Amino acid sequence: MNVEVERGEQWTVLRVLEERVDAHNSGELKSVLLELLEKNVASLAVDLSQVRFIDSSGLGALLAGYKNANLRQARLLLVGVQPRVQSMFELTRLHHVFEMVNHLDEVSIQQ
Amino acid sequence: MGTNSVAVDIVVPSRTEYLALVGSIAECLARSLEAYSGDREALAFDLNVVLTEAVMNAIQHGSPLSSPDMLRVRIDIEGEVLSIRVHDSGQGFVLDELAERDPAALEESGRGIFLIRALMDSVSYRKTPSGNVLELKKKLG
């Protein structure tokens, strides 16, 4: 899976540079998320703006990250979710679980 | 919806690297349905999801372990009815056992059949002497 990690002052940003997240690469996404959280990243923003397609295993990988972040009292935010990908969160009602914003500058670290 | 009649037969190795190929064939097919009066891009995305989930399900539950087995996917459009059949030759599964889980629970897996049921009008799975078939139907238009 093609990803990029940028460590900023407030957020560590994980950019998913794939148009498609499915059962072929979702295991890698989960591993990357868990590795970052293992390194005590307190505020992790997952930039999904390049992702045009996600399946149930991709949602599952993000959920693994969400649960792990919660255990560590870290914050996990989804950024730039495309409309059709958003529809998958809504269909599975996971949009109530994840914190999502269009752009990272919409959110403050104090929230 | 006008009078579409299309049949597509796909045989791929039952491996996850072929999910994108099968999904994109379904997308192209949906975009080509000029007589479809609905949103073809939305249909294309939904069929990509359905095919991806159905094929992954067959890879997980249908294929014999440690065998480089093949899967067959057949897509038919006859008039207003779109049918998808995913054939596998493994030990199969019980559809309702996979479909029981609550999608909103925070489980990492188990949403595949839920998504297929949400996006298609009917879902059935049957075991036959020559293999198993997951059959999905959707009325277009």
# chains A, B, ... in the order shown; residues from 1 in each chain; ligands from 1
>>> residues_around(residues="region 88-102 of chain A", least_positions_apart="4", cutoff="10 Å", atoms="only C-alpha atoms", output="number ranges by chain")
A: 45-49, 53-56, 59, 62-63, 66, 75-84, 106-107; B: 46, 49, 102-106, 111, 114-115, 118-119
>>> select_by_dssp(residues="chain B", states="helix (DSSP H, G or I)", output="compact mmCIF listing (two decimals) with C-alpha atoms, in the first residue's frame")
# COMPACT_ATOMS: atom_id res chain seq x y z
CA THR B 16 -7.36 -10.73 -3.66
CA GLU B 17 -5.27 -9.01 -6.35
CA TYR B 18 -8.10 -9.74 -8.80
CA LEU B 19 -10.77 -7.92 -6.75
CA ALA B 20 -10.00 -4.61 -8.46
CA LEU B 21 -10.22 -6.20 -11.91
CA VAL B 22 -13.63 -7.77 -11.29
CA GLY B 23 -14.89 -4.57 -9.63
CA SER B 24 -13.75 -2.43 -12.54
CA ILE B 25 -15.42 -4.73 -15.10
CA ALA B 26 -18.70 -4.27 -13.20
CA GLU B 27 -18.16 -0.48 -13.19
CA CYS B 28 -17.54 -0.40 -16.95
CA LEU B 29 -20.61 -2.50 -17.54
CA ALA B 30 -22.80 -0.15 -15.47
CA ARG B 31 -21.46 2.89 -17.33
CA ARG B 40 -25.00 5.27 -13.86
CA GLU B 41 -22.02 6.42 -11.78
CA ALA B 42 -23.83 5.48 -8.57
CA LEU B 43 -24.76 2.10 -10.07
CA ALA B 44 -21.14 1.61 -11.16
CA PHE B 45 -19.87 2.24 -7.63
CA ASP B 46 -22.52 -0.02 -6.06
CA LEU B 47 -21.74 -2.89 -8.44
CA ASN B 48 -18.04 -2.47 -7.74
CA VAL B 49 -18.81 -2.83 -4.01
CA VAL B 50 -21.11 -5.80 -4.54
CA LEU B 51 -18.68 -7.68 -6.80
CA THR B 52 -15.73 -6.93 -4.53
CA GLU B 53 -17.60 -8.23 -1.47
CA ALA B 54 -19.05 -11.26 -3.27
CA VAL B 55 -15.72 -12.33 -4.76
CA MET B 56 -13.90 -11.77 -1.46
CA ASN B 57 -16.53 -13.87 0.27
CA ALA B 58 -15.92 -16.68 -2.20
CA ILE B 59 -12.15 -16.37 -1.68
CA GLN B 60 -12.56 -16.54 2.10
CA HIS B 61 -15.30 -19.10 2.44
CA GLY B 62 -15.49 -20.91 -0.84
CA LEU B 95 -25.47 -17.22 4.19
CA ASP B 96 -27.53 -16.30 7.26
CA GLU B 97 -24.67 -17.08 9.64
CA LEU B 98 -22.55 -14.49 7.84
CA ALA B 99 -25.39 -11.99 7.69
CA GLY B 112 -19.72 -7.96 3.39
CA ILE B 113 -23.09 -9.73 3.16
CA PHE B 114 -24.77 -6.78 4.88
CA LEU B 115 -23.49 -4.45 2.13
CA ILE B 116 -24.51 -6.86 -0.63
CA ARG B 117 -28.02 -7.13 0.83
CA ALA B 118 -28.26 -3.36 1.18
CA LEU B 119 -27.31 -2.77 -2.47
>>> closest_residue(among="B:Ser122, B:Gly110, B:Glu78, B:Asp9", to="chain A", atoms="only C-alpha atoms")
B:Gly110
>>> select_by_dssp(residues="region 40-92 of chain B", states="strand (DSSP E or B)", output="MDAnalysis selection string")
chainID B and resid 70:78 81:88
>>> closest_residue(among="B:Ser14, B:Arg72, B:Leu140, B:Ser130", to="chain A", atoms="only C-alpha atoms")
B:Ser14
>>> decode(residues="region 2-58 of chain B", atoms="C-alpha atoms", output="compact mmCIF listing (two decimals), in the first residue's frame")
# COMPACT_ATOMS: atom_id res chain seq x y z
CA GLY B 2 -34.88 0.13 -22.20
CA THR B 3 -34.08 -3.30 -23.53
CA ASN B 4 -30.58 -4.16 -22.42
CA SER B 5 -29.28 -7.66 -22.91
CA VAL B 6 -25.73 -8.33 -21.80
CA ALA B 7 -23.86 -11.39 -20.59
CA VAL B 8 -20.34 -11.25 -19.16
CA ASP B 9 -18.46 -14.31 -17.97
CA ILE B 10 -15.27 -13.81 -15.95
CA VAL B 11 -12.90 -16.47 -14.63
CA VAL B 12 -10.14 -15.28 -12.31
CA PRO B 13 -7.77 -16.90 -9.81
CA SER B 14 -9.34 -16.73 -6.35
CA ARG B 15 -6.84 -14.21 -5.04
CA THR B 16 -7.36 -10.73 -3.66
CA GLU B 17 -5.27 -9.01 -6.35
CA TYR B 18 -8.10 -9.74 -8.80
CA LEU B 19 -10.77 -7.92 -6.75
CA ALA B 20 -10.00 -4.61 -8.46
CA LEU B 21 -10.22 -6.20 -11.91
CA VAL B 22 -13.63 -7.77 -11.29
CA GLY B 23 -14.89 -4.57 -9.63
CA SER B 24 -13.75 -2.43 -12.54
CA ILE B 25 -15.42 -4.73 -15.10
CA ALA B 26 -18.70 -4.27 -13.20
CA GLU B 27 -18.16 -0.48 -13.19
CA CYS B 28 -17.54 -0.40 -16.95
CA LEU B 29 -20.61 -2.50 -17.54
CA ALA B 30 -22.80 -0.15 -15.47
CA ARG B 31 -21.46 2.89 -17.33
CA SER B 32 -22.27 1.27 -20.66
CA LEU B 33 -25.98 0.87 -19.85
CA GLU B 34 -27.20 3.75 -21.99
CA ALA B 35 -30.83 2.75 -21.52
CA TYR B 36 -30.54 2.93 -17.71
CA SER B 37 -32.49 5.94 -16.50
CA GLY B 38 -30.86 6.16 -13.06
CA ASP B 39 -27.46 7.48 -11.99
CA ARG B 40 -25.00 5.27 -13.86
CA GLU B 41 -22.02 6.42 -11.78
CA ALA B 42 -23.83 5.48 -8.57
CA LEU B 43 -24.76 2.10 -10.07
CA ALA B 44 -21.14 1.61 -11.16
CA PHE B 45 -19.87 2.24 -7.63
CA ASP B 46 -22.52 -0.02 -6.06
CA LEU B 47 -21.74 -2.89 -8.44
CA ASN B 48 -18.04 -2.47 -7.74
CA VAL B 49 -18.81 -2.83 -4.01
CA VAL B 50 -21.11 -5.80 -4.54
CA LEU B 51 -18.68 -7.68 -6.80
CA THR B 52 -15.73 -6.93 -4.53
CA GLU B 53 -17.60 -8.23 -1.47
CA ALA B 54 -19.05 -11.26 -3.27
CA VAL B 55 -15.72 -12.33 -4.76
CA MET B 56 -13.90 -11.77 -1.46
CA ASN B 57 -16.53 -13.87 0.27
CA ALA B 58 -15.92 -16.68 -2.20
